[in-house]
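J.: Let me give you the structure first, and then I'll get to my questions.
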Amino acid sequence: MLRDAREWFDGAADGEIRALEEVPGIDPERLRELWCAEPELMLRLDGLHTAAQRAFERRTRAAVTGELLRALRAVAQGADVARLETAVALAAARLEADTATAAARGLNTGLTCGIVISPVILLLVFALGEWVPRLFGTGLGCQEQLALAGALVCFAGGAMGAVFSVIVRLRDPRQLIRSRPGGAGPAVDPVRLSDPVQLSRALRQEGWYRVVVGWFLATALYLLVAGGILTLLTPPATPAALCGPGPLSADGHGALATTWFFWGAIGFLAGLNERWARGLLHHPSAPGADPAGPSDGAGARP
């Protein structure tokens with residue numbers, strides 16, 4: 001069970017890659033004849049057979065490799081070569097789906113880790129905000145506490161906005177491995193793709209990176225609004241208005257909740273702009289991708 005969980009998260013473990021010539025049950029002389037008669041098909045078969053042994057899911061490795069070898073053995077024993085062509089086409093489609101699964105799973109786990117870690121970071125920052133001033137013989141007053149709380153709410157909203165932006169744009173996991181920006185265009189050749197396990201790890205980091213971008217965008221917008229630099233947006237209430245000599249009234253509690261909703265919405269809107277960071281839908285692992293091309297957000301809009 002532990003192995004299954006690890007493989008779901010990080011893909012099947014690497015195994016020994018076997019060439020077609022090393023597979024038992026196939027006459028070497030007949031195999032050479034097929035290479036001479038159908039060089040392009042056999043080259044394609046050899047590449048898919050190798051790619052199948054590096055598939056992300058163990059069941060995909062077994063199923064695709066087994067089907068390719070059964071078709072090859074049948075053709076070697078006199079069956080029509082069309083059977084091998086069909087098996088090659090089906091294997092290519094299944095390996096593309098396997099690579100898309102690896103990419104989506106890596107991205108989703110990265111986004112999930114970012115969302116899970118966000119509350120931990122919020123609590124840590126708030127605790128530090130309370131503890132550090134005490135080192136200098138002072139403490140946070142009411143206004144400072146409310147300002148810090150508003151910043152953290154905005155920070156959390158940025159993470160949610162970034163995740164929402166990615167989810168909306170990625171309607172199909174195959175967008176992550178298409179050969180053109182924005183997921184448009186024909187499917188890529190599974191043989192030419194990078195190792196799906198490595199692709200999953202790279203996109204896991206990409207998902208985490210998207211959440212971090214949302215954090216920074218939300219924090220920057222909070223500083224602009226709260227600092228009075230951006231005056232188009234005004235909080236419903238300021239810390240100075242909420243803090244007084246006595247406890248908060250019922251209206252004061254309502255104004256405080258409205259202010260937190262305001263900063264959460266501001267952070268969410270800021271996080272939506274993670275699409276301007278390059279790399280997600282124009283991933284360099286896909287052939288033909290240009291790392292210096294335009295932002296992926298433009299190509300992903302409906």
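Each chain of the structure tokens is named A, B, ... in the order shown, its residues numbered from 1; ligands are numbered from 1 in display order.
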Run DSSP on the backbone and give me the residues of range 8-192 of chain A it puts in alpha helix (DSSP H), as a PyMOL selection string.
T.: chain A and resi 8-10+28-37+39-52+58-76+81-135+142-169
J.: Export, as a CSV table (one decimal), in the first residue's frame, the selected residues with C-alpha atoms.
T.:
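Output file part.csv is given in full below:
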```
chain,number,residue,atom,x,y,z
A,8,TRP,CA,0.6,7.6,-7.3
A,9,PHE,CA,2.6,10.6,-6.1
A,10,ASP,CA,5.9,10.2,-7.8
A,28,PRO,CA,16.0,-12.7,-34.4
A,29,GLU,CA,16.1,-13.5,-38.1
A,30,ARG,CA,12.4,-12.6,-38.5
A,31,LEU,CA,13.0,-9.5,-36.5
A,32,ARG,CA,15.8,-8.4,-38.9
A,33,GLU,CA,13.5,-9.1,-41.9
A,34,LEU,CA,10.8,-6.8,-40.4
A,35,TRP,CA,13.4,-4.1,-39.9
A,36,CYS,CA,14.3,-4.4,-43.6
A,37,ALA,CA,10.7,-4.5,-44.8
A,39,PRO,CA,12.0,0.3,-41.2
A,40,GLU,CA,9.8,3.3,-40.3
A,41,LEU,CA,7.2,1.2,-38.5
A,42,MET,CA,9.8,-0.8,-36.6
A,43,LEU,CA,11.6,2.4,-35.6
A,44,ARG,CA,8.4,3.8,-34.3
A,45,LEU,CA,7.7,0.5,-32.5
A,46,ASP,CA,11.2,0.5,-30.9
A,47,GLY,CA,10.7,4.0,-29.6
A,48,LEU,CA,7.3,3.3,-28.2
A,49,HIS,CA,8.5,0.1,-26.6
A,50,THR,CA,11.2,2.1,-24.8
A,51,ALA,CA,8.8,4.9,-23.8
A,52,ALA,CA,6.3,2.4,-22.5
A,58,ARG,CA,3.0,0.8,-13.6
A,59,ARG,CA,-0.2,-0.6,-15.2
A,60,THR,CA,0.4,1.5,-18.3
A,61,ARG,CA,3.9,0.1,-18.6
A,62,ALA,CA,2.6,-3.5,-18.4
A,63,ALA,CA,-0.4,-3.0,-20.7
A,64,VAL,CA,1.3,-1.1,-23.5
A,65,THR,CA,4.5,-3.2,-23.5
A,66,GLY,CA,2.5,-6.4,-23.5
A,67,GLU,CA,0.2,-5.3,-26.3
A,68,LEU,CA,3.2,-4.2,-28.5
A,69,LEU,CA,5.0,-7.4,-28.0
A,70,ARG,CA,1.9,-9.6,-28.7
A,71,ALA,CA,1.4,-7.7,-31.9
A,72,LEU,CA,5.1,-8.1,-32.9
A,73,ARG,CA,5.1,-11.8,-32.1
A,74,ALA,CA,1.9,-12.2,-34.2
A,75,VAL,CA,3.4,-10.4,-37.2
A,76,ALA,CA,6.6,-12.4,-36.8
A,81,VAL,CA,1.5,-6.1,-40.5
A,82,ALA,CA,-1.7,-4.0,-40.1
A,83,ARG,CA,-2.1,-5.5,-36.6
A,84,LEU,CA,1.3,-4.0,-35.6
A,85,GLU,CA,0.3,-0.6,-37.1
A,86,THR,CA,-2.9,-0.7,-35.0
A,87,ALA,CA,-1.0,-1.6,-31.9
A,88,VAL,CA,1.5,1.2,-32.4
A,89,ALA,CA,-1.2,3.8,-32.9
A,90,LEU,CA,-3.0,2.6,-29.7
A,91,ALA,CA,0.2,2.6,-27.8
A,92,ALA,CA,1.0,6.2,-28.8
A,93,ALA,CA,-2.4,7.4,-27.7
A,94,ARG,CA,-2.2,5.6,-24.4
A,95,LEU,CA,1.3,6.9,-23.7
A,96,GLU,CA,0.2,10.4,-24.5
A,97,ALA,CA,-2.6,10.0,-21.9
A,98,ASP,CA,-0.1,8.6,-19.4
A,99,THR,CA,2.2,11.6,-19.8
A,100,ALA,CA,-0.8,14.0,-19.5
A,101,THR,CA,-1.8,12.2,-16.3
A,102,ALA,CA,1.8,12.5,-14.9
A,103,ALA,CA,1.8,16.3,-15.8
A,104,ALA,CA,-1.7,16.9,-14.2
A,105,ARG,CA,-0.9,14.9,-11.1
A,106,GLY,CA,2.4,16.8,-10.6
A,107,LEU,CA,0.7,20.2,-11.1
A,108,ASN,CA,-2.2,19.3,-8.8
A,109,THR,CA,0.0,18.1,-6.0
A,110,GLY,CA,2.1,21.2,-6.3
A,111,LEU,CA,-1.0,23.4,-6.1
A,112,THR,CA,-2.4,21.4,-3.2
A,113,CYS,CA,0.9,21.6,-1.3
A,114,GLY,CA,0.8,25.4,-1.8
A,115,ILE,CA,-2.7,25.7,-0.4
A,116,VAL,CA,-2.0,23.4,2.5
A,117,ILE,CA,1.2,25.3,3.5
A,118,SER,CA,-0.4,28.7,3.2
A,119,PRO,CA,-2.3,28.5,6.6
A,120,VAL,CA,0.9,27.3,8.2
A,121,ILE,CA,2.8,30.3,6.8
A,122,LEU,CA,0.1,32.6,7.9
A,123,LEU,CA,0.2,31.4,11.5
A,124,LEU,CA,4.0,31.5,11.5
A,125,VAL,CA,4.1,35.1,10.2
A,126,PHE,CA,1.4,36.2,12.7
A,127,ALA,CA,3.3,34.5,15.6
A,128,LEU,CA,6.6,36.2,14.5
A,129,GLY,CA,4.7,39.5,14.3
A,130,GLU,CA,3.7,39.1,17.9
A,131,TRP,CA,7.1,37.8,19.1
A,132,VAL,CA,9.7,39.9,17.3
A,133,PRO,CA,8.6,43.3,18.7
A,134,ARG,CA,8.9,41.9,22.3
A,135,LEU,CA,12.7,41.4,21.6
A,142,CYS,CA,-4.5,47.2,18.1
A,143,GLN,CA,-3.9,49.0,14.8
A,144,GLU,CA,-0.7,47.1,14.0
A,145,GLN,CA,-2.5,43.8,14.7
A,146,LEU,CA,-5.4,44.6,12.4
A,147,ALA,CA,-3.0,45.8,9.7
A,148,LEU,CA,-1.1,42.5,10.0
A,149,ALA,CA,-4.3,40.5,10.0
A,150,GLY,CA,-5.5,42.3,6.9
A,151,ALA,CA,-2.2,41.6,5.1
A,152,LEU,CA,-2.4,37.9,6.0
A,153,VAL,CA,-6.0,37.6,4.7
A,154,CYS,CA,-4.9,39.3,1.5
A,155,PHE,CA,-2.0,36.9,1.3
A,156,ALA,CA,-4.3,33.9,1.6
A,157,GLY,CA,-6.6,35.3,-1.0
A,158,GLY,CA,-3.7,35.5,-3.4
A,159,ALA,CA,-3.0,31.8,-3.1
A,160,MET,CA,-6.7,31.0,-3.8
A,161,GLY,CA,-6.7,33.3,-6.8
A,162,ALA,CA,-3.6,31.7,-8.3
A,163,VAL,CA,-5.0,28.2,-7.9
A,164,PHE,CA,-8.4,29.2,-9.3
A,165,SER,CA,-6.7,30.8,-12.3
A,166,VAL,CA,-4.7,27.6,-13.1
A,167,ILE,CA,-7.8,25.4,-12.7
A,168,VAL,CA,-9.9,27.6,-15.0
A,169,ARG,CA,-7.3,27.6,-17.8
```
J.: Would you work out the distance separating CA of Asn273 in chain A from CA of Ala218 in chain A, expressed in Å to one decimal?
T.: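 Answer for the CA of Asn273 in chain A to CA of Ala218 in chain A separation: 9.6 Å.
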